[in-house]
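Trainee: File name my_file.pdb; file contents PDB, C-alpha atoms, pLDDT in the B column; full text below.
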ATOM      1  CA  MET C  16     108.965  -3.064 107.480  1.00 49.00           C
ATOM      2  CA  SER C  17     109.821  -3.561 111.137  1.00 58.00           C
ATOM      3  CA  ALA C  18     112.209  -1.184 112.853  1.00 61.00           C
ATOM      4  CA  ALA C  19     114.794  -3.933 113.239  1.00 63.00           C
ATOM      5  CA  ASN C  20     115.460  -4.584 109.544  1.00 67.00           C
ATOM      6  CA  ARG C  21     114.947  -1.091 108.150  1.00 69.00           C
ATOM      7  CA  PRO C  22     118.159  -0.045 106.349  1.00 70.00           C
ATOM      8  CA  VAL C  23     120.245   2.344 108.425  1.00 72.00           C
ATOM      9  CA  SER C  24     122.052   5.036 106.467  1.00 76.00           C
ATOM     10  CA  ARG C  25     125.011   5.649 108.703  1.00 72.00           C
ATOM     11  CA  PRO C  26     128.425   6.335 107.106  1.00 65.00           C
ATOM     12  CA  LEU C  27     130.463   3.332 106.082  1.00 67.00           C
ATOM     13  CA  SER C  28     134.080   2.815 106.993  1.00 67.00           C
ATOM     14  CA  PRO C  29     136.644   3.749 105.609  1.00 66.00           C
ATOM     15  CA  HIS C  30     134.592   6.732 104.393  1.00 67.00           C
ATOM     16  CA  LEU C  31     136.908   7.774 101.557  1.00 70.00           C
ATOM     17  CA  GLN C  32     135.677  11.371 101.259  1.00 72.00           C
ATOM     18  CA  VAL C  33     137.340  12.421 104.505  1.00 74.00           C
ATOM     19  CA  TYR C  34     140.316  10.088 104.219  1.00 76.00           C
ATOM     20  CA  ARG C  35     143.672  11.693 103.405  1.00 82.00           C
ATOM     21  CA  PRO C  36     145.348   9.823 100.528  1.00 85.00           C
ATOM     22  CA  GLN C  37     148.607   8.095 101.444  1.00 91.00           C
ATOM     23  CA  LEU C  38     151.233   6.474  99.254  1.00 94.00           C
ATOM     24  CA  THR C  39     150.044   3.021 100.323  1.00 94.00           C
ATOM     25  CA  SER C  40     146.346   3.627  99.600  1.00 92.00           C
ATOM     26  CA  VAL C  41     147.052   5.392  96.287  1.00 94.00           C
ATOM     27  CA  LEU C  42     149.293   2.531  95.145  1.00 96.00           C
ATOM     28  CA  SER C  43     146.622   0.031  96.218  1.00 95.00           C
ATOM     29  CA  ILE C  44     143.822   1.514  94.109  1.00 95.00           C
ATOM     30  CA  SER C  45     146.323   2.107  91.274  1.00 97.00           C
ATOM     31  CA  HIS C  46     146.947  -1.647  91.183  1.00 98.00           C
ATOM     32  CA  ARG C  47     143.270  -2.190  90.363  1.00 97.00           C
ATOM     33  CA  MET C  48     143.090   0.663  87.865  1.00 98.00           C
ATOM     34  CA  THR C  49     146.212  -0.458  85.997  1.00 98.00           C
ATOM     35  CA  GLY C  50     144.841  -4.025  86.017  1.00 98.00           C
ATOM     36  CA  ILE C  51     141.631  -2.840  84.362  1.00 98.00           C
ATOM     37  CA  ALA C  52     143.624  -0.802  81.825  1.00 98.00           C
ATOM     38  CA  LEU C  53     145.791  -3.851  81.073  1.00 98.00           C
ATOM     39  CA  SER C  54     142.675  -5.963  80.461  1.00 98.00           C
ATOM     40  CA  VAL C  55     141.728  -3.476  77.742  1.00 98.00           C
ATOM     41  CA  GLY C  56     145.332  -3.642  76.508  1.00 98.00           C
ATOM     42  CA  LEU C  57     145.032  -7.412  76.236  1.00 98.00           C
ATOM     43  CA  VAL C  58     142.012  -6.954  73.942  1.00 98.00           C
ATOM     44  CA  TYR C  59     144.130  -4.646  71.787  1.00 98.00           C
ATOM     45  CA  LEU C  60     147.030  -7.135  71.776  1.00 98.00           C
ATOM     46  CA  VAL C  61     144.768  -9.959  70.546  1.00 98.00           C
ATOM     47  CA  ALA C  62     143.256  -7.641  67.900  1.00 98.00           C
ATOM     48  CA  TRP C  63     146.799  -6.764  66.777  1.00 97.00           C
ATOM     49  CA  LEU C  64     147.724 -10.480  66.578  1.00 97.00           C
ATOM     50  CA  CYS C  65     144.592 -11.145  64.500  1.00 97.00           C
ATOM     51  CA  ALA C  66     145.511  -8.247  62.217  1.00 97.00           C
ATOM     52  CA  ALA C  67     149.051  -9.597  61.841  1.00 97.00           C
ATOM     53  CA  SER C  68     147.611 -12.981  60.834  1.00 96.00           C
ATOM     54  CA  GLY C  69     145.502 -11.386  58.103  1.00 94.00           C
ATOM     55  CA  LYS C  70     145.991  -9.222  55.069  1.00 87.00           C
ATOM     56  CA  GLY C  71     148.444  -6.363  54.870  1.00 90.00           C
ATOM     57  CA  GLU C  72     145.775  -3.617  54.814  1.00 93.00           C
ATOM     58  CA  THR C  73     144.420  -4.428  58.285  1.00 94.00           C
ATOM     59  CA  TYR C  74     147.913  -4.652  59.713  1.00 96.00           C
ATOM     60  CA  ALA C  75     148.806  -1.346  58.051  1.00 95.00           C
ATOM     61  CA  MET C  76     145.896   0.270  59.925  1.00 96.00           C
ATOM     62  CA  PHE C  77     147.290  -0.969  63.223  1.00 96.00           C
ATOM     63  CA  ALA C  78     150.803   0.127  62.289  1.00 94.00           C
ATOM     64  CA  TRP C  79     149.435   3.561  61.397  1.00 96.00           C
ATOM     65  CA  PHE C  80     147.524   3.858  64.684  1.00 96.00           C
ATOM     66  CA  ASN C  81     150.481   2.616  66.749  1.00 95.00           C
ATOM     67  CA  THR C  82     152.715   5.366  65.377  1.00 94.00           C
ATOM     68  CA  SER C  83     150.052   8.118  65.578  1.00 97.00           C
ATOM     69  CA  VAL C  84     150.039  10.552  68.513  1.00 97.00           C
ATOM     70  CA  VAL C  85     146.966   8.975  70.119  1.00 98.00           C
ATOM     71  CA  GLY C  86     148.370   5.488  69.530  1.00 97.00           C
ATOM     72  CA  ARG C  87     151.729   6.382  71.064  1.00 97.00           C
ATOM     73  CA  ILE C  88     150.019   7.875  74.136  1.00 98.00           C
ATOM     74  CA  ALA C  89     147.889   4.722  74.517  1.00 98.00           C
ATOM     75  CA  LEU C  90     150.908   2.412  74.111  1.00 97.00           C
ATOM     76  CA  PHE C  91     152.984   4.518  76.498  1.00 98.00           C
ATOM     77  CA  GLY C  92     150.125   4.387  79.017  1.00 98.00           C
ATOM     78  CA  TRP C  93     149.884   0.610  78.661  1.00 98.00           C
ATOM     79  CA  THR C  94     153.669   0.309  79.101  1.00 98.00           C
ATOM     80  CA  PHE C  95     153.403   2.299  82.314  1.00 98.00           C
ATOM     81  CA  CYS C  96     150.453   0.170  83.531  1.00 98.00           C
ATOM     82  CA  LEU C  97     152.290  -3.048  82.619  1.00 98.00           C
ATOM     83  CA  PHE C  98     155.457  -2.198  84.586  1.00 98.00           C
ATOM     84  CA  TYR C  99     153.485  -0.732  87.490  1.00 98.00           C
ATOM     85  CA  HIS C 100     151.227  -3.785  87.791  1.00 98.00           C
ATOM     86  CA  LEU C 101     154.246  -6.089  87.344  1.00 98.00           C
ATOM     87  CA  PHE C 102     156.371  -4.435  90.060  1.00 98.00           C
ATOM     88  CA  ASN C 103     153.490  -3.799  92.463  1.00 98.00           C
ATOM     89  CA  GLY C 104     152.316  -7.362  91.810  1.00 98.00           C
ATOM     90  CA  ILE C 105     155.729  -8.658  92.899  1.00 98.00           C
ATOM     91  CA  ARG C 106     155.307  -6.484  96.028  1.00 98.00           C
ATOM     92  CA  HIS C 107     151.961  -8.181  96.630  1.00 98.00           C
ATOM     93  CA  LEU C 108     153.508 -11.639  96.207  1.00 98.00           C
ATOM     94  CA  PHE C 109     156.104 -10.796  98.885  1.00 98.00           C
ATOM     95  CA  TRP C 110     153.298  -9.669 101.203  1.00 98.00           C
ATOM     96  CA  ASP C 111     151.415 -12.902 100.509  1.00 96.00           C
ATOM     97  CA  ALA C 112     154.542 -14.794 101.561  1.00 96.00           C
ATOM     98  CA  GLY C 113     154.618 -12.749 104.777  1.00 96.00           C
ATOM     99  CA  TYR C 114     157.500 -10.379 103.983  1.00 97.00           C
ATOM    100  CA  GLY C 115     157.608  -6.571 103.998  1.00 97.00           C
ATOM    101  CA  LEU C 116     154.403  -6.009 105.936  1.00 96.00           C
ATOM    102  CA  GLU C 117     155.863  -3.512 108.453  1.00 97.00           C
ATOM    103  CA  LEU C 118     154.670   0.040 107.733  1.00 95.00           C
ATOM    104  CA  LYS C 119     158.145   1.400 106.938  1.00 97.00           C
ATOM    105  CA  ASP C 120     158.837  -1.581 104.631  1.00 97.00           C
ATOM    106  CA  ALA C 121     155.507  -1.071 102.843  1.00 97.00           C
ATOM    107  CA  TYR C 122     156.452   2.572 102.201  1.00 97.00           C
ATOM    108  CA  ALA C 123     159.984   1.675 101.080  1.00 98.00           C
ATOM    109  CA  SER C 124     158.748  -0.998  98.646  1.00 98.00           C
ATOM    110  CA  GLY C 125     156.046   1.417  97.444  1.00 98.00           C
ATOM    111  CA  LYS C 126     158.663   4.030  96.596  1.00 98.00           C
ATOM    112  CA  ALA C 127     160.776   1.363  94.874  1.00 98.00           C
ATOM    113  CA  VAL C 128     157.758   0.369  92.751  1.00 98.00           C
ATOM    114  CA  VAL C 129     157.174   3.978  91.661  1.00 98.00           C
ATOM    115  CA  ILE C 130     160.837   4.550  90.785  1.00 98.00           C
ATOM    116  CA  GLY C 131     161.144   1.158  89.065  1.00 98.00           C
ATOM    117  CA  THR C 132     158.020   1.793  87.001  1.00 98.00           C
ATOM    118  CA  LEU C 133     159.223   5.197  85.800  1.00 98.00           C
ATOM    119  CA  VAL C 134     162.718   3.896  84.947  1.00 98.00           C
ATOM    120  CA  ALA C 135     161.405   0.792  83.133  1.00 98.00           C
ATOM    121  CA  THR C 136     158.707   2.702  81.219  1.00 98.00           C
ATOM    122  CA  VAL C 137     160.961   5.523  80.017  1.00 98.00           C
ATOM    123  CA  GLY C 138     163.896   3.136  79.552  1.00 97.00           C
ATOM    124  CA  SER C 139     161.993   0.737  77.315  1.00 97.00           C
ATOM    125  CA  TRP C 140     160.726   3.576  75.110  1.00 96.00           C
ATOM    126  CA  VAL C 141     164.208   5.086  74.832  1.00 97.00           C
ATOM    127  CA  LEU C 142     165.535   1.627  73.932  1.00 96.00           C
ATOM    128  CA  ALA C 143     162.747   1.023  71.409  1.00 94.00           C
ATOM    129  CA  PHE C 144     163.345   4.390  69.711  1.00 92.00           C
ATOM    130  CA  SER C 145     167.115   3.849  69.621  1.00 93.00           C
ATOM    131  CA  LEU C 146     166.548   0.523  67.825  1.00 89.00           C
ATOM    132  CA  ARG C 147     164.402   2.018  65.071  1.00 79.00           C
TER     133      ARG C 147
ATOM    134  CA  MET E   3     121.470 -21.872 108.779  1.00 46.00           C
ATOM    135  CA  SER E   4     123.691 -19.549 106.805  1.00 53.00           C
ATOM    136  CA  GLY E   5     127.393 -18.773 106.626  1.00 61.00           C
ATOM    137  CA  SER E   6     130.185 -21.060 105.594  1.00 61.00           C
ATOM    138  CA  ASN E   7     129.934 -23.582 108.437  1.00 66.00           C
ATOM    139  CA  ASN E   8     127.200 -25.903 107.181  1.00 70.00           C
ATOM    140  CA  ALA E   9     127.089 -29.040 105.068  1.00 71.00           C
ATOM    141  CA  ALA E  10     126.214 -27.318 101.788  1.00 69.00           C
ATOM    142  CA  ALA E  11     128.946 -24.706 102.213  1.00 66.00           C
ATOM    143  CA  ARG E  12     131.506 -27.421 102.952  1.00 61.00           C
ATOM    144  CA  VAL E  13     130.539 -29.277  99.788  1.00 60.00           C
ATOM    145  CA  ARG E  14     130.955 -26.069  97.780  1.00 62.00           C
ATOM    146  CA  GLY E  15     134.367 -25.553  99.358  1.00 59.00           C
ATOM    147  CA  LEU E  16     133.433 -22.329 101.129  1.00 60.00           C
ATOM    148  CA  GLY E  17     134.858 -21.427 104.489  1.00 60.00           C
ATOM    149  CA  SER E  18     138.343 -22.004 105.774  1.00 57.00           C
ATOM    150  CA  ALA E  19     140.963 -23.682 103.601  1.00 56.00           C
ATOM    151  CA  LYS E  20     140.033 -26.373 101.028  1.00 60.00           C
ATOM    152  CA  ALA E  21     138.885 -25.246  97.574  1.00 63.00           C
ATOM    153  CA  GLY E  22     137.596 -21.906  98.866  1.00 65.00           C
ATOM    154  CA  THR E  23     141.139 -20.626  98.398  1.00 80.00           C
ATOM    155  CA  HIS E  24     141.284 -21.876  94.811  1.00 87.00           C
ATOM    156  CA  VAL E  25     140.618 -18.476  93.195  1.00 90.00           C
ATOM    157  CA  TRP E  26     143.059 -16.717  95.525  1.00 92.00           C
ATOM    158  CA  TRP E  27     145.748 -19.318  94.796  1.00 93.00           C
ATOM    159  CA  THR E  28     145.137 -19.312  91.035  1.00 95.00           C
ATOM    160  CA  GLN E  29     145.438 -15.522  90.974  1.00 96.00           C
ATOM    161  CA  ARG E  30     148.859 -15.787  92.664  1.00 96.00           C
ATOM    162  CA  LEU E  31     149.983 -18.677  90.477  1.00 97.00           C
ATOM    163  CA  THR E  32     149.076 -16.855  87.255  1.00 98.00           C
ATOM    164  CA  ALA E  33     150.755 -13.735  88.702  1.00 98.00           C
ATOM    165  CA  ALA E  34     153.994 -15.623  89.330  1.00 98.00           C
ATOM    166  CA  ALA E  35     153.891 -17.064  85.794  1.00 98.00           C
ATOM    167  CA  LEU E  36     153.222 -13.612  84.366  1.00 98.00           C
ATOM    168  CA  VAL E  37     156.298 -12.167  86.090  1.00 98.00           C
ATOM    169  CA  LEU E  38     158.397 -14.400  83.816  1.00 98.00           C
ATOM    170  CA  LEU E  39     156.138 -14.136  80.754  1.00 98.00           C
ATOM    171  CA  VAL E  40     155.821 -10.345  80.891  1.00 98.00           C
ATOM    172  CA  ALA E  41     159.606  -9.990  81.203  1.00 97.00           C
ATOM    173  CA  TRP E  42     159.953 -11.988  77.963  1.00 98.00           C
ATOM    174  CA  PHE E  43     157.039 -10.125  76.371  1.00 98.00           C
ATOM    175  CA  ALA E  44     158.407  -6.641  77.134  1.00 97.00           C
ATOM    176  CA  VAL E  45     161.901  -7.424  75.811  1.00 97.00           C
ATOM    177  CA  SER E  46     160.500  -9.161  72.703  1.00 96.00           C
ATOM    178  CA  LEU E  47     158.152  -6.305  71.842  1.00 96.00           C
ATOM    179  CA  ILE E  48     160.961  -3.760  72.143  1.00 95.00           C
ATOM    180  CA  LEU E  49     163.129  -5.872  69.826  1.00 95.00           C
ATOM    181  CA  ASN E  50     160.500  -7.021  67.300  1.00 93.00           C
ATOM    182  CA  ALA E  51     157.246  -5.081  67.301  1.00 86.00           C
ATOM    183  CA  GLN E  52     158.528  -2.193  65.205  1.00 89.00           C
ATOM    184  CA  GLY E  53     159.308  -4.278  62.147  1.00 90.00           C
ATOM    185  CA  ASN E  54     157.193  -4.331  59.012  1.00 93.00           C
ATOM    186  CA  HIS E  55     154.377  -6.864  58.567  1.00 95.00           C
ATOM    187  CA  ALA E  56     156.658  -9.614  57.222  1.00 95.00           C
ATOM    188  CA  GLN E  57     159.241  -9.117  59.989  1.00 96.00           C
ATOM    189  CA  VAL E  58     156.577  -9.183  62.716  1.00 96.00           C
ATOM    190  CA  ARG E  59     155.077 -12.365  61.224  1.00 96.00           C
ATOM    191  CA  ALA E  60     158.504 -14.012  61.064  1.00 96.00           C
ATOM    192  CA  TRP E  61     159.054 -13.179  64.722  1.00 97.00           C
ATOM    193  CA  ILE E  62     155.629 -14.559  65.780  1.00 97.00           C
ATOM    194  CA  ALA E  63     156.143 -17.705  63.666  1.00 96.00           C
ATOM    195  CA  SER E  64     159.374 -18.701  65.419  1.00 96.00           C
ATOM    196  CA  PRO E  65     158.725 -21.650  67.772  1.00 96.00           C
ATOM    197  CA  VAL E  66     159.867 -19.884  70.960  1.00 97.00           C
ATOM    198  CA  SER E  67     157.734 -16.821  70.206  1.00 97.00           C
ATOM    199  CA  MET E  68     154.696 -18.946  69.394  1.00 97.00           C
ATOM    200  CA  VAL E  69     154.871 -20.815  72.681  1.00 98.00           C
ATOM    201  CA  MET E  70     155.683 -17.764  74.779  1.00 98.00           C
ATOM    202  CA  LEU E  71     153.111 -15.500  73.076  1.00 98.00           C
ATOM    203  CA  ILE E  72     150.285 -18.025  73.488  1.00 98.00           C
ATOM    204  CA  LEU E  73     151.290 -18.636  77.119  1.00 98.00           C
ATOM    205  CA  THR E  74     151.445 -14.890  77.791  1.00 98.00           C
ATOM    206  CA  VAL E  75     148.042 -14.149  76.250  1.00 98.00           C
ATOM    207  CA  LEU E  76     146.240 -17.127  77.809  1.00 98.00           C
ATOM    208  CA  THR E  77     147.771 -16.659  81.271  1.00 98.00           C
ATOM    209  CA  GLY E  78     147.114 -12.928  80.992  1.00 98.00           C
ATOM    210  CA  LEU E  79     143.454 -13.527  80.096  1.00 98.00           C
ATOM    211  CA  TRP E  80     143.052 -15.974  82.975  1.00 98.00           C
ATOM    212  CA  HIS E  81     144.619 -13.498  85.422  1.00 98.00           C
ATOM    213  CA  ALA E  82     142.526 -10.634  83.972  1.00 98.00           C
ATOM    214  CA  VAL E  83     139.268 -12.574  84.368  1.00 98.00           C
ATOM    215  CA  LEU E  84     140.060 -13.320  88.042  1.00 97.00           C
ATOM    216  CA  GLY E  85     140.920  -9.659  88.678  1.00 97.00           C
ATOM    217  CA  LEU E  86     137.929  -8.205  86.822  1.00 98.00           C
ATOM    218  CA  VAL E  87     135.500 -10.594  88.527  1.00 97.00           C
ATOM    219  CA  GLU E  88     136.944  -9.489  91.883  1.00 95.00           C
ATOM    220  CA  VAL E  89     136.427  -5.830  90.951  1.00 97.00           C
ATOM    221  CA  ILE E  90     132.842  -6.502  89.823  1.00 97.00           C
ATOM    222  CA  GLU E  91     132.061  -8.437  93.005  1.00 94.00           C
ATOM    223  CA  ASP E  92     133.351  -5.489  95.057  1.00 94.00           C
ATOM    224  CA  TYR E  93     131.539  -2.669  93.281  1.00 94.00           C
ATOM    225  CA  VAL E  94     128.445  -4.112  91.539  1.00 94.00           C
ATOM    226  CA  HIS E  95     125.801  -5.083  94.064  1.00 91.00           C
ATOM    227  CA  ALA E  96     122.737  -5.708  91.876  1.00 94.00           C
ATOM    228  CA  GLU E  97     122.733  -9.517  91.531  1.00 94.00           C
ATOM    229  CA  GLY E  98     121.497  -9.604  87.919  1.00 96.00           C
ATOM    230  CA  THR E  99     123.972  -7.014  86.644  1.00 97.00           C
ATOM    231  CA  LYS E 100     126.796  -8.648  88.571  1.00 97.00           C
ATOM    232  CA  LEU E 101     126.108 -12.099  87.161  1.00 96.00           C
ATOM    233  CA  GLY E 102     125.591 -10.695  83.650  1.00 98.00           C
ATOM    234  CA  LEU E 103     128.908  -8.834  83.708  1.00 98.00           C
ATOM    235  CA  ILE E 104     130.827 -11.824  85.060  1.00 97.00           C
ATOM    236  CA  VAL E 105     129.384 -14.144  82.404  1.00 98.00           C
ATOM    237  CA  ALA E 106     130.027 -11.564  79.661  1.00 98.00           C
ATOM    238  CA  ILE E 107     133.661 -11.139  80.743  1.00 98.00           C
ATOM    239  CA  LYS E 108     134.231 -14.903  80.779  1.00 98.00           C
ATOM    240  CA  PHE E 109     132.620 -15.399  77.348  1.00 98.00           C
ATOM    241  CA  PHE E 110     134.649 -12.519  75.889  1.00 98.00           C
ATOM    242  CA  ALA E 111     137.873 -13.868  77.426  1.00 98.00           C
ATOM    243  CA  ALA E 112     137.175 -17.296  75.892  1.00 98.00           C
ATOM    244  CA  LEU E 113     136.641 -15.629  72.517  1.00 98.00           C
ATOM    245  CA  LEU E 114     139.935 -13.738  72.817  1.00 98.00           C
ATOM    246  CA  ALA E 115     141.770 -16.873  73.951  1.00 98.00           C
ATOM    247  CA  VAL E 116     140.690 -18.901  70.909  1.00 98.00           C
ATOM    248  CA  ALA E 117     141.211 -15.932  68.555  1.00 98.00           C
ATOM    249  CA  SER E 118     144.782 -15.415  69.777  1.00 98.00           C
ATOM    250  CA  VAL E 119     145.722 -19.074  69.332  1.00 98.00           C
ATOM    251  CA  VAL E 120     144.136 -19.196  65.870  1.00 98.00           C
ATOM    252  CA  ALA E 121     145.943 -15.988  64.889  1.00 98.00           C
ATOM    253  CA  VAL E 122     149.353 -17.283  65.998  1.00 98.00           C
ATOM    254  CA  PHE E 123     148.803 -20.686  64.322  1.00 97.00           C
ATOM    255  CA  ARG E 124     147.609 -19.003  61.155  1.00 97.00           C
ATOM    256  CA  ILE E 125     150.778 -16.905  61.043  1.00 97.00           C
ATOM    257  CA  ALA E 126     153.014 -19.909  61.724  1.00 96.00           C
ATOM    258  CA  PHE E 127     151.293 -22.568  59.618  1.00 95.00           C
ATOM    259  CA  GLY E 128     148.978 -20.626  57.314  1.00 87.00           C
ATOM    260  CA  GLY E 129     151.597 -20.292  54.596  1.00 62.00           C
TER     261      GLY E 129
END
For the structure just supplied, provide its representation as structure tokens.

Mentor:
Amino acid sequence: MSAANRPVSRPLSPHLQVYRPQLTSVLSISHRMTGIALSVGLVYLVAWLCAASGKGETYAMFAWFNTSVVGRIALFGWTFCLFYHLFNGIRHLFWDAGYGLELKDAYASGKAVVIGTLVATVGSWVLAFSLR
Amino acid sequence: MSGSNNAAARVRGLGSAKAGTHVWWTQRLTAAALVLLVAWFAVSLILNAQGNHAQVRAWIASPVSMVMLILTVLTGLWHAVLGLVEVIEDYVHAEGTKLGLIVAIKFFAALLAVASVVAVFRIAFGG
């Protein structure tokens, strides 16, 4: 191998190990992580629909899991991911349209997304439990 | 000659504007649709998902729910495939693994898409 095309192992930017996390960067990677979690949630939703279309025993298994501790934690997590990805996605759509790109606006909308997600997640579970 | 400024790249729609922006645009379009669909989905689940089997089936079988549920699942799958492919392209650099994962995700999404429509139709028309 000639010296010119030998791979050079110099550090790559943005070199995450020495990068201090900020609200904006944490929210950015969270958008991806919640998106991946929601893809798994979509698999579960389709499985649940298939169970609902079938016999009672299969649906009863889903109903049992959904009301178990593990099931409730999973569903609560998916609720959180859904509202986060929804609100942060709207934030992204505004950016795509050219609005809210100033640093202070990006922080303000980021905080709004966090607050909105918490309120919507807890609020929908409180509402769901009150309707039982 | 490499890059996006040659005849082959132009035919494939790479480079500035044209169909090279198709994936980007589709991701935004499905996102905008999902803003409306997810709002319906969240409210409907809160109101209906806790019922017993018969109540849940009756909810799914209503015409509005059928249409909205199928739209939500299919648009969601489409949006998920675009997002997951983007993640794979960013983090998986071995060409074979990358291609294999992308194909697997698309096949699995197609399976889920058909399964969801069949499930909803079976509930509504299966008797």

Trainee: Distance cut-off 8 Å, counting only C-alpha atoms - which residues of chain E neighbour chain C? Return them as a list in words.

Mentor: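 Result: Arg30, Ala33, Ala34, Val37, Val40, Ile48, Leu49, Gln52, His55, Val58, Arg59, Val75, Gly78, Leu79, Ala82, Gly85, Leu86, Val89, Leu114, Ala117, Ser118, Ala121, Val122, Arg124 and Ile125 of chain E.
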
Trainee: Generate the output file for the selected residues, C-alpha atoms, as a CSV table (one decimal), keeping the file's coordinate frame.

Mentor:
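Below is the file again_21.csv, written as the result:
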chain,number,residue,atom,x,y,z
E,30,ARG,CA,148.9,-15.8,92.7
E,33,ALA,CA,150.8,-13.7,88.7
E,34,ALA,CA,154.0,-15.6,89.3
E,37,VAL,CA,156.3,-12.2,86.1
E,40,VAL,CA,155.8,-10.3,80.9
E,48,ILE,CA,161.0,-3.8,72.1
E,49,LEU,CA,163.1,-5.9,69.8
E,52,GLN,CA,158.5,-2.2,65.2
E,55,HIS,CA,154.4,-6.9,58.6
E,58,VAL,CA,156.6,-9.2,62.7
E,59,ARG,CA,155.1,-12.4,61.2
E,75,VAL,CA,148.0,-14.1,76.2
E,78,GLY,CA,147.1,-12.9,81.0
E,79,LEU,CA,143.5,-13.5,80.1
E,82,ALA,CA,142.5,-10.6,84.0
E,85,GLY,CA,140.9,-9.7,88.7
E,86,LEU,CA,137.9,-8.2,86.8
E,89,VAL,CA,136.4,-5.8,91.0
E,114,LEU,CA,139.9,-13.7,72.8
E,117,ALA,CA,141.2,-15.9,68.6
E,118,SER,CA,144.8,-15.4,69.8
E,121,ALA,CA,145.9,-16.0,64.9
E,122,VAL,CA,149.4,-17.3,66.0
E,124,ARG,CA,147.6,-19.0,61.2
E,125,ILE,CA,150.8,-16.9,61.0

Trainee: What are the centre and the three edge lengths of an axis-aligned box that wraps all atoms of region 51-62 of chain C in the file, given that 8 Å is added to every side, written as JSON and rounded to one decimal in Å?

Mentor:
{"center_x": 144.3, "center_y": -5.4, "center_z": 76.1, "size_x": 21.4, "size_y": 25.2, "size_z": 32.5}

Trainee: Closest to Ile62 (chain E) among E:Gly102, E:Thr74, E:Asp92, E:Ala126, using all atoms listed in the file?

Mentor: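 Smallest separation from Ile62 (chain E) among the options: E:Ala126.
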
Trainee: Any idea what the distance is between CA of Phe77 (chain C) and CA of Leu36 (chain E)?

Mentor: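 It comes out at 25.3 Å.
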
Trainee: Of the residues C:Lys126, C:Gly56, C:Ala112, C:Gly131, which is the one nearest to Ala89 (chain C), using all atoms listed in the file?

Mentor: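 Checking each of C:Lys126, C:Gly56, C:Ala112, C:Gly131 against Ala89 (chain C), counting all atoms listed in the file, the winner is C:Gly56.
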